[in-house]
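**Q** I have a structure here, written as structure tokens, and I will follow up with some questions on it.
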Amino acid sequence: MRIVIAGASGFMGTFLAEAFRRDGDEVSTIGRGDADARWGDADGIRRLVDGADVVLNLAGKSVDCRYGAANRAEILRSRVDTTRELGAAIASAERPPALWLNSSTATIYRHAEDRPQTEVAGELGTGFSVGVARAWEDAFFERDLPATRRVALRTAIVLGDGSALAPLLNLARLGFGGPQVDGPWFRSTRRLAAGTFHEFGARGGRQRFSWIHLDDVLGAIRFLIAHPELDGVVNLSAPNPTDSVGVMRAIREAVGMPFGLPLHRWLLEPGAWAIRTETELVLKSRWVVPERLLAAGYAFEHAEIRGAVEAVVASRRGKR
């Protein structure tokens, strides 16, 4: 196949590009640095997507940062503008790609402690992160592209070597491998207005943790390529979500740490400020299941959190 990957320099993009090339596919890239076409080069991007079998867009600034005004603007711009740029290129192509896969996020759903969120019955949330996700998907679906099937990948937290799992592994090795425990925190008018304040929700580290192993990101994408009946939004998440207690237990077991102190919000908030990230990333209850993939027959390679974490730890050890 001819595959075009936008945002291929990141953790997921690098892995997927290497995997497709090993399969014998021709992979071209769009990005800011060493890529076959750069953002802003409308003709170059159009030439790449013209005649491609698959376009996969992973572009977007990492959300692992403080949500100040400048970062909020760049998080939004880097998703919406790149998606619209690809849409314009596909619309002007003489031979539009058969399939356009575009990143989205499972964070689009509300804080859920009562029931899982599916593509059909899921309820969208509120706040800054959800607003970005809505704008991202709106930009993806706004054009009329009759020759191109489109799938928005509502992706849960991805586990792999170099993923968001790395800092949790480090915490566990230091003895802080207990759950992240929510609690009340100081409200500020500024953060409330920006939609970035996390409201106290789940107690005792029971906020749900939806995840997917990097191997299943690749497997699901291959499955979507092979199943033209699937379009619209698709949840990329493992079928068995856990919670903060469960994922941290799996991490402690994988690194051989017999105990783990919990991290309460009164510690998490100043810690997140110090390392320039946000507590929403670990305190929001994300309970997402891949109803459409399961109904279509996709079999997950990593369906349970324990095996997924062990696979990541084994991979990291092997590389050392």
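By order of appearance in the structure tokens: chains A, B, ..., then residues from 1 within every chain, and ligands from 1 in the order shown.
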Please identify all polymer residues within 10 Å of Arg32 of chain A, counting only C-alpha atoms, omitting same-chain residues fewer than 5 positions from it, and present them as number ranges by chain.

**A** A: 6-9, 37-40, 59

**Q** For the residues selected in the previous step, produce a file with C-alpha atoms as a PDB file, in the first residue's frame.

**A**
```pdb
ATOM      1  CA  ALA A   6       1.137  13.010   9.220  1.00  0.00           C
ATOM      2  CA  GLY A   7       2.791  13.555  12.579  1.00  0.00           C
ATOM      3  CA  ALA A   8       5.040  10.526  12.102  1.00  0.00           C
ATOM      4  CA  SER A   9       7.870  11.772  14.328  1.00  0.00           C
ATOM      5  CA  ALA A  37       6.211  17.292   2.857  1.00  0.00           C
ATOM      6  CA  ARG A  38       5.951  20.047   5.444  1.00  0.00           C
ATOM      7  CA  TRP A  39       2.886  21.730   6.882  1.00  0.00           C
ATOM      8  CA  GLY A  40       2.050  24.816   4.861  1.00  0.00           C
ATOM      9  CA  ALA A  59      -0.448  15.447  14.280  1.00  0.00           C
TER      10      ALA A  59
END
```

**Q** Kindly give the distance, in Å, that separates atom CA of His264 of chain A and atom CA of Pro179 of chain A, rounded to a single decimal.

**A** 8.3 Å

**Q** Excluding segment 124-138 of chain A and any residue of its chain fewer than 6 positions from it, enumerate the residues within 8 Å of it, using only C-alpha atoms, and give them as a list in words.

**A**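 Returned residues: Ile75, Leu76, Arg79, Val80, Thr83, Ser104, Thr105, Thr107, Ile108, Tyr109, Arg110, His111, Ala152, Ala194, Gly195 and Thr196 of chain A.
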
**Q** For the residues in the current selection, export N, CA and C atoms as a PDB file, in the first residue's frame.

**A**
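Below you can see out-v9.pdb, which holds the result:
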```
ATOM      1  N   ILE A  75      -2.390  23.562  21.351  1.00  0.00           N
ATOM      2  CA  ILE A  75      -3.041  22.242  21.363  1.00  0.00           C
ATOM      3  C   ILE A  75      -4.200  22.228  20.369  1.00  0.00           C
ATOM      4  N   LEU A  76      -5.006  23.269  20.388  1.00  0.00           N
ATOM      5  CA  LEU A  76      -6.144  23.353  19.468  1.00  0.00           C
ATOM      6  C   LEU A  76      -5.678  23.554  18.030  1.00  0.00           C
ATOM      7  N   ARG A  79      -4.109  20.625  16.029  1.00  0.00           N
ATOM      8  CA  ARG A  79      -5.033  19.568  15.629  1.00  0.00           C
ATOM      9  C   ARG A  79      -5.984  20.030  14.524  1.00  0.00           C
ATOM     10  N   VAL A  80      -6.615  21.164  14.738  1.00  0.00           N
ATOM     11  CA  VAL A  80      -7.635  21.624  13.799  1.00  0.00           C
ATOM     12  C   VAL A  80      -7.014  22.071  12.483  1.00  0.00           C
ATOM     13  N   THR A  83      -5.644  19.127  10.391  1.00  0.00           N
ATOM     14  CA  THR A  83      -6.739  18.323   9.852  1.00  0.00           C
ATOM     15  C   THR A  83      -7.389  19.023   8.658  1.00  0.00           C
ATOM     16  N   SER A 104      -8.299  11.216  17.131  1.00  0.00           N
ATOM     17  CA  SER A 104      -9.162  11.943  18.037  1.00  0.00           C
ATOM     18  C   SER A 104      -8.798  11.432  19.428  1.00  0.00           C
ATOM     19  N   THR A 105      -9.646  11.609  20.402  1.00  0.00           N
ATOM     20  CA  THR A 105      -9.285  11.203  21.755  1.00  0.00           C
ATOM     21  C   THR A 105     -10.499  10.687  22.513  1.00  0.00           C
ATOM     22  N   THR A 107     -10.874  11.141  25.474  1.00  0.00           N
ATOM     23  CA  THR A 107     -11.175  12.176  26.457  1.00  0.00           C
ATOM     24  C   THR A 107     -12.412  12.980  26.063  1.00  0.00           C
ATOM     25  N   ILE A 108     -12.900  12.796  24.845  1.00  0.00           N
ATOM     26  CA  ILE A 108     -14.097  13.515  24.405  1.00  0.00           C
ATOM     27  C   ILE A 108     -15.317  13.127  25.245  1.00  0.00           C
ATOM     28  N   TYR A 109     -15.292  11.936  25.862  1.00  0.00           N
ATOM     29  CA  TYR A 109     -16.424  11.513  26.680  1.00  0.00           C
ATOM     30  C   TYR A 109     -16.356  12.156  28.071  1.00  0.00           C
ATOM     31  N   ARG A 110     -17.484  12.184  28.734  1.00  0.00           N
ATOM     32  CA  ARG A 110     -17.565  12.785  30.063  1.00  0.00           C
ATOM     33  C   ARG A 110     -16.817  11.945  31.097  1.00  0.00           C
ATOM     34  N   HIS A 111     -16.547  12.545  32.243  1.00  0.00           N
ATOM     35  CA  HIS A 111     -16.052  11.830  33.413  1.00  0.00           C
ATOM     36  C   HIS A 111     -17.102  10.772  33.771  1.00  0.00           C
ATOM     37  N   ALA A 152     -12.590   8.537  12.569  1.00  0.00           N
ATOM     38  CA  ALA A 152     -11.986   9.289  13.667  1.00  0.00           C
ATOM     39  C   ALA A 152     -11.633   8.302  14.775  1.00  0.00           C
ATOM     40  N   ALA A 194     -11.405  28.943  31.740  1.00  0.00           N
ATOM     41  CA  ALA A 194     -10.708  28.255  30.644  1.00  0.00           C
ATOM     42  C   ALA A 194     -11.178  26.812  30.474  1.00  0.00           C
ATOM     43  N   GLY A 195     -11.935  26.304  31.433  1.00  0.00           N
ATOM     44  CA  GLY A 195     -12.388  24.920  31.353  1.00  0.00           C
ATOM     45  C   GLY A 195     -11.311  23.912  31.696  1.00  0.00           C
ATOM     46  N   THR A 196     -10.289  24.335  32.442  1.00  0.00           N
ATOM     47  CA  THR A 196      -9.169  23.442  32.740  1.00  0.00           C
ATOM     48  C   THR A 196      -9.148  22.972  34.189  1.00  0.00           C
TER      49      THR A 196
END
```

**Q** Distance table requested - segment 220-281 of chain A against segment 160-167 of chain A, cut-off 10 Å, only C-alpha atoms: one row per qualifying residue with the closest atom pair and its distance in Å to one decimal, ordered by chain and rising residue number, as CSV.

**A**
```
residue,atom,partner,partner_atom,distance
A:Val247,CA,A:Leu165,CA,9.9
A:Ile251,CA,A:Leu165,CA,8.9
A:Leu281,CA,A:Ala164,CA,9.7
```

**Q** Near Ala156 of chain A, counting only C-alpha atoms, which residues have an atom at most 8 Å away, once you skip same-chain residues fewer than 3 positions from it, shown as a PyMOL selection string?

**A** chain A and resi 105-107+210-212+235-237+288

**Q** Using only C-alpha atoms, can you tell me which of A:Ala202, A:Val289, A:Leu174, A:Ala272 comes closest to Pro258 of chain A?

**A**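 Distance minimum relative to Pro258 of chain A lands on A:Leu174.
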
**Q** For Asn170 of chain A, find every residue with an atom within 12 Å (counting only C-alpha atoms), except residues of its own chain fewer than 6 positions away, and show them as a VMD selection string.

**A** chain A and resid 164 176 to 177 248 251 to 252 254 to 255 257 260 313

**Q** Write the selection just made, keeping all heavy atoms, as a PDB file, in the first residue's frame?

**A**
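That gives us part-v6.pdb:
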```pdb
ATOM      1  N   ALA A 164       2.962   7.275  28.058  1.00  0.00           N
ATOM      2  CA  ALA A 164       2.619   7.857  29.355  1.00  0.00           C
ATOM      3  C   ALA A 164       2.843   6.874  30.495  1.00  0.00           C
ATOM      4  O   ALA A 164       2.782   7.261  31.666  1.00  0.00           O
ATOM      5  CB  ALA A 164       1.153   8.302  29.341  1.00  0.00           C
ATOM      6  N   PHE A 176       6.182   4.894  45.083  1.00  0.00           N
ATOM      7  CA  PHE A 176       4.945   5.664  44.984  1.00  0.00           C
ATOM      8  C   PHE A 176       4.000   5.044  43.955  1.00  0.00           C
ATOM      9  O   PHE A 176       3.371   5.742  43.165  1.00  0.00           O
ATOM     10  CB  PHE A 176       5.246   7.115  44.617  1.00  0.00           C
ATOM     11  CG  PHE A 176       6.017   7.852  45.679  1.00  0.00           C
ATOM     12  CD1 PHE A 176       7.388   7.994  45.585  1.00  0.00           C
ATOM     13  CD2 PHE A 176       5.368   8.370  46.785  1.00  0.00           C
ATOM     14  CE1 PHE A 176       8.111   8.657  46.569  1.00  0.00           C
ATOM     15  CE2 PHE A 176       6.070   9.038  47.776  1.00  0.00           C
ATOM     16  CZ  PHE A 176       7.452   9.176  47.669  1.00  0.00           C
ATOM     17  N   GLY A 177       3.900   3.735  43.999  1.00  0.00           N
ATOM     18  CA  GLY A 177       3.103   3.009  43.016  1.00  0.00           C
ATOM     19  C   GLY A 177       1.685   2.707  43.466  1.00  0.00           C
ATOM     20  O   GLY A 177       1.060   1.772  42.955  1.00  0.00           O
ATOM     21  N   MET A 248      -2.092   0.638  38.738  1.00  0.00           N
ATOM     22  CA  MET A 248      -0.897   0.777  39.565  1.00  0.00           C
ATOM     23  C   MET A 248      -0.503  -0.560  40.197  1.00  0.00           C
ATOM     24  O   MET A 248       0.692  -0.839  40.375  1.00  0.00           O
ATOM     25  CB  MET A 248      -1.106   1.854  40.626  1.00  0.00           C
ATOM     26  CG  MET A 248      -1.298   3.263  40.065  1.00  0.00           C
ATOM     27  SD  MET A 248      -0.057   3.765  38.815  1.00  0.00           S
ATOM     28  CE  MET A 248       1.455   3.736  39.793  1.00  0.00           C
ATOM     29  N   ILE A 251       1.381  -2.334  37.514  1.00  0.00           N
ATOM     30  CA  ILE A 251       2.711  -1.744  37.343  1.00  0.00           C
ATOM     31  C   ILE A 251       3.647  -2.205  38.460  1.00  0.00           C
ATOM     32  O   ILE A 251       4.807  -2.570  38.203  1.00  0.00           O
ATOM     33  CB  ILE A 251       2.596  -0.209  37.299  1.00  0.00           C
ATOM     34  CG1 ILE A 251       1.953   0.228  35.985  1.00  0.00           C
ATOM     35  CG2 ILE A 251       3.967   0.453  37.474  1.00  0.00           C
ATOM     36  CD1 ILE A 251       1.612   1.698  35.922  1.00  0.00           C
ATOM     37  N   ARG A 252       3.173  -2.209  39.710  1.00  0.00           N
ATOM     38  CA  ARG A 252       4.016  -2.668  40.815  1.00  0.00           C
ATOM     39  C   ARG A 252       4.453  -4.114  40.610  1.00  0.00           C
ATOM     40  O   ARG A 252       5.612  -4.472  40.829  1.00  0.00           O
ATOM     41  CB  ARG A 252       3.267  -2.546  42.143  1.00  0.00           C
ATOM     42  CG  ARG A 252       3.016  -1.135  42.608  1.00  0.00           C
ATOM     43  CD  ARG A 252       2.627  -1.106  44.083  1.00  0.00           C
ATOM     44  NE  ARG A 252       1.513  -1.966  44.418  1.00  0.00           N
ATOM     45  CZ  ARG A 252       0.233  -1.628  44.327  1.00  0.00           C
ATOM     46  NH1 ARG A 252      -0.100  -0.417  43.877  1.00  0.00           N
ATOM     47  NH2 ARG A 252      -0.731  -2.475  44.679  1.00  0.00           N
ATOM     48  N   ALA A 254       4.729  -5.701  37.797  1.00  0.00           N
ATOM     49  CA  ALA A 254       5.632  -5.815  36.650  1.00  0.00           C
ATOM     50  C   ALA A 254       7.059  -5.392  36.996  1.00  0.00           C
ATOM     51  O   ALA A 254       8.022  -5.941  36.445  1.00  0.00           O
ATOM     52  CB  ALA A 254       5.104  -4.984  35.492  1.00  0.00           C
ATOM     53  N   VAL A 255       7.220  -4.416  37.894  1.00  0.00           N
ATOM     54  CA  VAL A 255       8.570  -3.950  38.251  1.00  0.00           C
ATOM     55  C   VAL A 255       9.083  -4.609  39.524  1.00  0.00           C
ATOM     56  O   VAL A 255      10.203  -4.335  39.952  1.00  0.00           O
ATOM     57  CB  VAL A 255       8.614  -2.412  38.400  1.00  0.00           C
ATOM     58  CG1 VAL A 255       8.197  -1.739  37.102  1.00  0.00           C
ATOM     59  CG2 VAL A 255       7.750  -1.928  39.564  1.00  0.00           C
ATOM     60  N   MET A 257       7.865  -4.408  42.706  1.00  0.00           N
ATOM     61  CA  MET A 257       7.801  -3.574  43.910  1.00  0.00           C
ATOM     62  C   MET A 257       6.629  -4.052  44.779  1.00  0.00           C
ATOM     63  O   MET A 257       5.487  -4.022  44.329  1.00  0.00           O
ATOM     64  CB  MET A 257       7.619  -2.107  43.538  1.00  0.00           C
ATOM     65  CG  MET A 257       7.461  -1.170  44.731  1.00  0.00           C
ATOM     66  SD  MET A 257       8.839  -1.187  45.895  1.00  0.00           S
ATOM     67  CE  MET A 257      10.108  -0.323  44.935  1.00  0.00           C
ATOM     68  N   GLY A 260       3.248   0.216  47.422  1.00  0.00           N
ATOM     69  CA  GLY A 260       3.165   1.479  46.694  1.00  0.00           C
ATOM     70  C   GLY A 260       2.337   2.483  47.464  1.00  0.00           C
ATOM     71  O   GLY A 260       1.169   2.227  47.775  1.00  0.00           O
ATOM     72  N   VAL A 313       7.102  -3.539  29.930  1.00  0.00           N
ATOM     73  CA  VAL A 313       8.293  -3.634  30.788  1.00  0.00           C
ATOM     74  C   VAL A 313       9.313  -4.588  30.170  1.00  0.00           C
ATOM     75  O   VAL A 313      10.520  -4.308  30.147  1.00  0.00           O
ATOM     76  CB  VAL A 313       7.900  -4.088  32.203  1.00  0.00           C
ATOM     77  CG1 VAL A 313       9.139  -4.393  33.044  1.00  0.00           C
ATOM     78  CG2 VAL A 313       7.057  -3.008  32.883  1.00  0.00           C
TER      79      VAL A 313
END
```

**Q** Just give me the gap between atom CA of Val158 of chain A and atom CA of His213 of chain A in Å, one decimal is fine.

**A**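 Atom CA of His213 of chain A lies at a distance of 5.6 Å from atom CA of Val158 of chain A.
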
**Q** Point out the residue among A:Arg66, A:Arg46, A:Arg317, A:Arg21 with the least atom-to-atom distance to Ala88 of chain A, counting only C-alpha atoms.

**A**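 Nearest to Ala88 of chain A: A:Arg46.
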
**Q** At a cut-off of 12 Å, using only C-alpha atoms, what residues contact Arg143 of chain A? Leave out same-chain residues fewer than 5 positions from it and give the result as a list in words.

**A** Thr83, Arg84, Glu85, Leu86, Gly87, Ala88, Ala89, Ile90, Ala91, Ser92, Glu137, Asp138, Thr148, Arg149 and Arg150 of chain A

**Q** Suppose we keep N, CA and C atoms; can you now write the selection as a PDB file, in the first residue's frame?

**A**
```pdb
ATOM      1  N   THR A  83      -5.644  19.127  10.391  1.00  0.00           N
ATOM      2  CA  THR A  83      -6.739  18.323   9.852  1.00  0.00           C
ATOM      3  C   THR A  83      -7.389  19.023   8.658  1.00  0.00           C
ATOM      4  N   ARG A  84      -7.610  20.330   8.794  1.00  0.00           N
ATOM      5  CA  ARG A  84      -8.191  21.076   7.671  1.00  0.00           C
ATOM      6  C   ARG A  84      -7.235  21.119   6.477  1.00  0.00           C
ATOM      7  N   GLU A  85      -5.946  21.196   6.742  1.00  0.00           N
ATOM      8  CA  GLU A  85      -4.973  21.216   5.642  1.00  0.00           C
ATOM      9  C   GLU A  85      -5.013  19.899   4.871  1.00  0.00           C
ATOM     10  N   LEU A  86      -5.126  18.797   5.587  1.00  0.00           N
ATOM     11  CA  LEU A  86      -5.240  17.504   4.917  1.00  0.00           C
ATOM     12  C   LEU A  86      -6.555  17.395   4.159  1.00  0.00           C
ATOM     13  N   GLY A  87      -7.636  17.899   4.748  1.00  0.00           N
ATOM     14  CA  GLY A  87      -8.929  17.866   4.066  1.00  0.00           C
ATOM     15  C   GLY A  87      -8.906  18.621   2.750  1.00  0.00           C
ATOM     16  N   ALA A  88      -8.248  19.772   2.740  1.00  0.00           N
ATOM     17  CA  ALA A  88      -8.145  20.550   1.507  1.00  0.00           C
ATOM     18  C   ALA A  88      -7.332  19.810   0.459  1.00  0.00           C
ATOM     19  N   ALA A  89      -6.246  19.154   0.886  1.00  0.00           N
ATOM     20  CA  ALA A  89      -5.403  18.402  -0.050  1.00  0.00           C
ATOM     21  C   ALA A  89      -6.170  17.231  -0.648  1.00  0.00           C
ATOM     22  N   ILE A  90      -6.924  16.527   0.180  1.00  0.00           N
ATOM     23  CA  ILE A  90      -7.694  15.379  -0.316  1.00  0.00           C
ATOM     24  C   ILE A  90      -8.794  15.841  -1.261  1.00  0.00           C
ATOM     25  N   ALA A  91      -9.435  16.954  -0.935  1.00  0.00           N
ATOM     26  CA  ALA A  91     -10.506  17.473  -1.792  1.00  0.00           C
ATOM     27  C   ALA A  91      -9.992  17.865  -3.169  1.00  0.00           C
ATOM     28  N   SER A  92      -8.731  18.299  -3.255  1.00  0.00           N
ATOM     29  CA  SER A  92      -8.177  18.750  -4.535  1.00  0.00           C
ATOM     30  C   SER A  92      -7.426  17.656  -5.289  1.00  0.00           C
ATOM     31  N   GLU A 137     -12.808  16.838  15.651  1.00  0.00           N
ATOM     32  CA  GLU A 137     -13.678  15.975  14.855  1.00  0.00           C
ATOM     33  C   GLU A 137     -14.538  16.783  13.892  1.00  0.00           C
ATOM     34  N   ASP A 138     -14.975  17.967  14.306  1.00  0.00           N
ATOM     35  CA  ASP A 138     -15.744  18.822  13.390  1.00  0.00           C
ATOM     36  C   ASP A 138     -14.920  19.159  12.156  1.00  0.00           C
ATOM     37  N   THR A 148     -13.656   9.243  -0.256  1.00  0.00           N
ATOM     38  CA  THR A 148     -12.746   8.880   0.825  1.00  0.00           C
ATOM     39  C   THR A 148     -13.524   8.483   2.074  1.00  0.00           C
ATOM     40  N   ARG A 149     -13.304   7.267   2.527  1.00  0.00           N
ATOM     41  CA  ARG A 149     -13.882   6.810   3.796  1.00  0.00           C
ATOM     42  C   ARG A 149     -13.097   7.442   4.943  1.00  0.00           C
ATOM     43  N   ARG A 150     -13.832   7.924   5.945  1.00  0.00           N
ATOM     44  CA  ARG A 150     -13.172   8.585   7.068  1.00  0.00           C
ATOM     45  C   ARG A 150     -13.494   7.900   8.392  1.00  0.00           C
TER      46      ARG A 150
END
```

**Q** Please identify the strand (DSSP E or B) residues within segment 30-263 of chain A (assignment by DSSP from backbone atoms) and present them as a PyMOL selection string.

**A** chain A and resi 30-31+37-38+54-57+99-105+109+117+124+149-155+157-159+180-181+208-209+211-213+232-236+242-243+263

**Q** Measure the distance from atom CA of Lys284 of chain A to atom CA of Leu267 of chain A in Å and round it to one decimal.

**A** 16.3 Å

**Q** Which polymer residues have any atom within 12 Å of an atom of Pro239 of chain A, counting only C-alpha atoms, with same-chain residues fewer than 6 positions away left out, as a ChimeraX atom specification?

**A** /A:116-118,156,209-213,216,287-295,298-305

**Q** Put those residues in a file: C-alpha atoms, as a PDB file, in the first residue's frame.

**A**
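See selection16.pdb below for the written result:
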```
ATOM      1  CA  PRO A 116     -18.868   2.638  29.973  1.00  0.00           C
ATOM      2  CA  GLN A 117     -18.927   5.084  27.076  1.00  0.00           C
ATOM      3  CA  THR A 118     -19.453   3.623  23.606  1.00  0.00           C
ATOM      4  CA  ALA A 156      -7.482   5.930  24.921  1.00  0.00           C
ATOM      5  CA  PHE A 209      -8.457   4.017  33.349  1.00  0.00           C
ATOM      6  CA  SER A 210      -9.075   3.196  29.682  1.00  0.00           C
ATOM      7  CA  TRP A 211      -6.015   2.180  27.726  1.00  0.00           C
ATOM      8  CA  ILE A 212      -4.763   0.393  24.617  1.00  0.00           C
ATOM      9  CA  HIS A 213      -1.434  -1.267  23.909  1.00  0.00           C
ATOM     10  CA  ASP A 216      -3.374  -3.081  19.236  1.00  0.00           C
ATOM     11  CA  TRP A 287     -14.432   4.533  31.004  1.00  0.00           C
ATOM     12  CA  VAL A 288     -14.395   3.746  27.294  1.00  0.00           C
ATOM     13  CA  VAL A 289     -15.031   0.464  25.489  1.00  0.00           C
ATOM     14  CA  PRO A 290     -14.458  -0.404  21.788  1.00  0.00           C
ATOM     15  CA  GLU A 291     -17.983  -1.524  20.959  1.00  0.00           C
ATOM     16  CA  ARG A 292     -17.657  -1.136  17.180  1.00  0.00           C
ATOM     17  CA  LEU A 293     -14.327  -2.965  16.889  1.00  0.00           C
ATOM     18  CA  LEU A 294     -15.576  -5.853  19.008  1.00  0.00           C
ATOM     19  CA  ALA A 295     -18.835  -6.101  17.058  1.00  0.00           C
ATOM     20  CA  TYR A 298     -11.405  -7.476  16.054  1.00  0.00           C
ATOM     21  CA  ALA A 299      -9.469  -9.695  18.504  1.00  0.00           C
ATOM     22  CA  PHE A 300      -7.247  -7.741  20.862  1.00  0.00           C
ATOM     23  CA  GLU A 301      -3.692  -8.957  21.383  1.00  0.00           C
ATOM     24  CA  HIS A 302      -3.590  -7.279  24.805  1.00  0.00           C
ATOM     25  CA  ALA A 303      -7.020  -7.344  26.440  1.00  0.00           C
ATOM     26  CA  GLU A 304      -5.960  -7.262  30.114  1.00  0.00           C
ATOM     27  CA  ILE A 305      -3.938  -4.545  31.824  1.00  0.00           C
TER      28      ILE A 305
END
```

**Q** Can you work out which one of A:Ala147, A:Ala308, A:Ala93, A:Ala172 has the shortest atom-to-atom distance to Asn240 of chain A, counting only C-alpha atoms?

**A**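 Checking each candidate against Asn240 of chain A, we get A:Ala308 as the closest.
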
**Q** Which of segment 15-245 of chain A counts as alpha helix (DSSP H) under DSSP, as a count of residues only please?

**A** 84

**Q** Of the candidates A:Asp34, A:Asp41, A:Glu199, A:Asp25, which one gets nearest to Asp53 of chain A if we count only C-alpha atoms?

**A**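 For Asp53 of chain A, the nearest of the given residues is A:Asp25.
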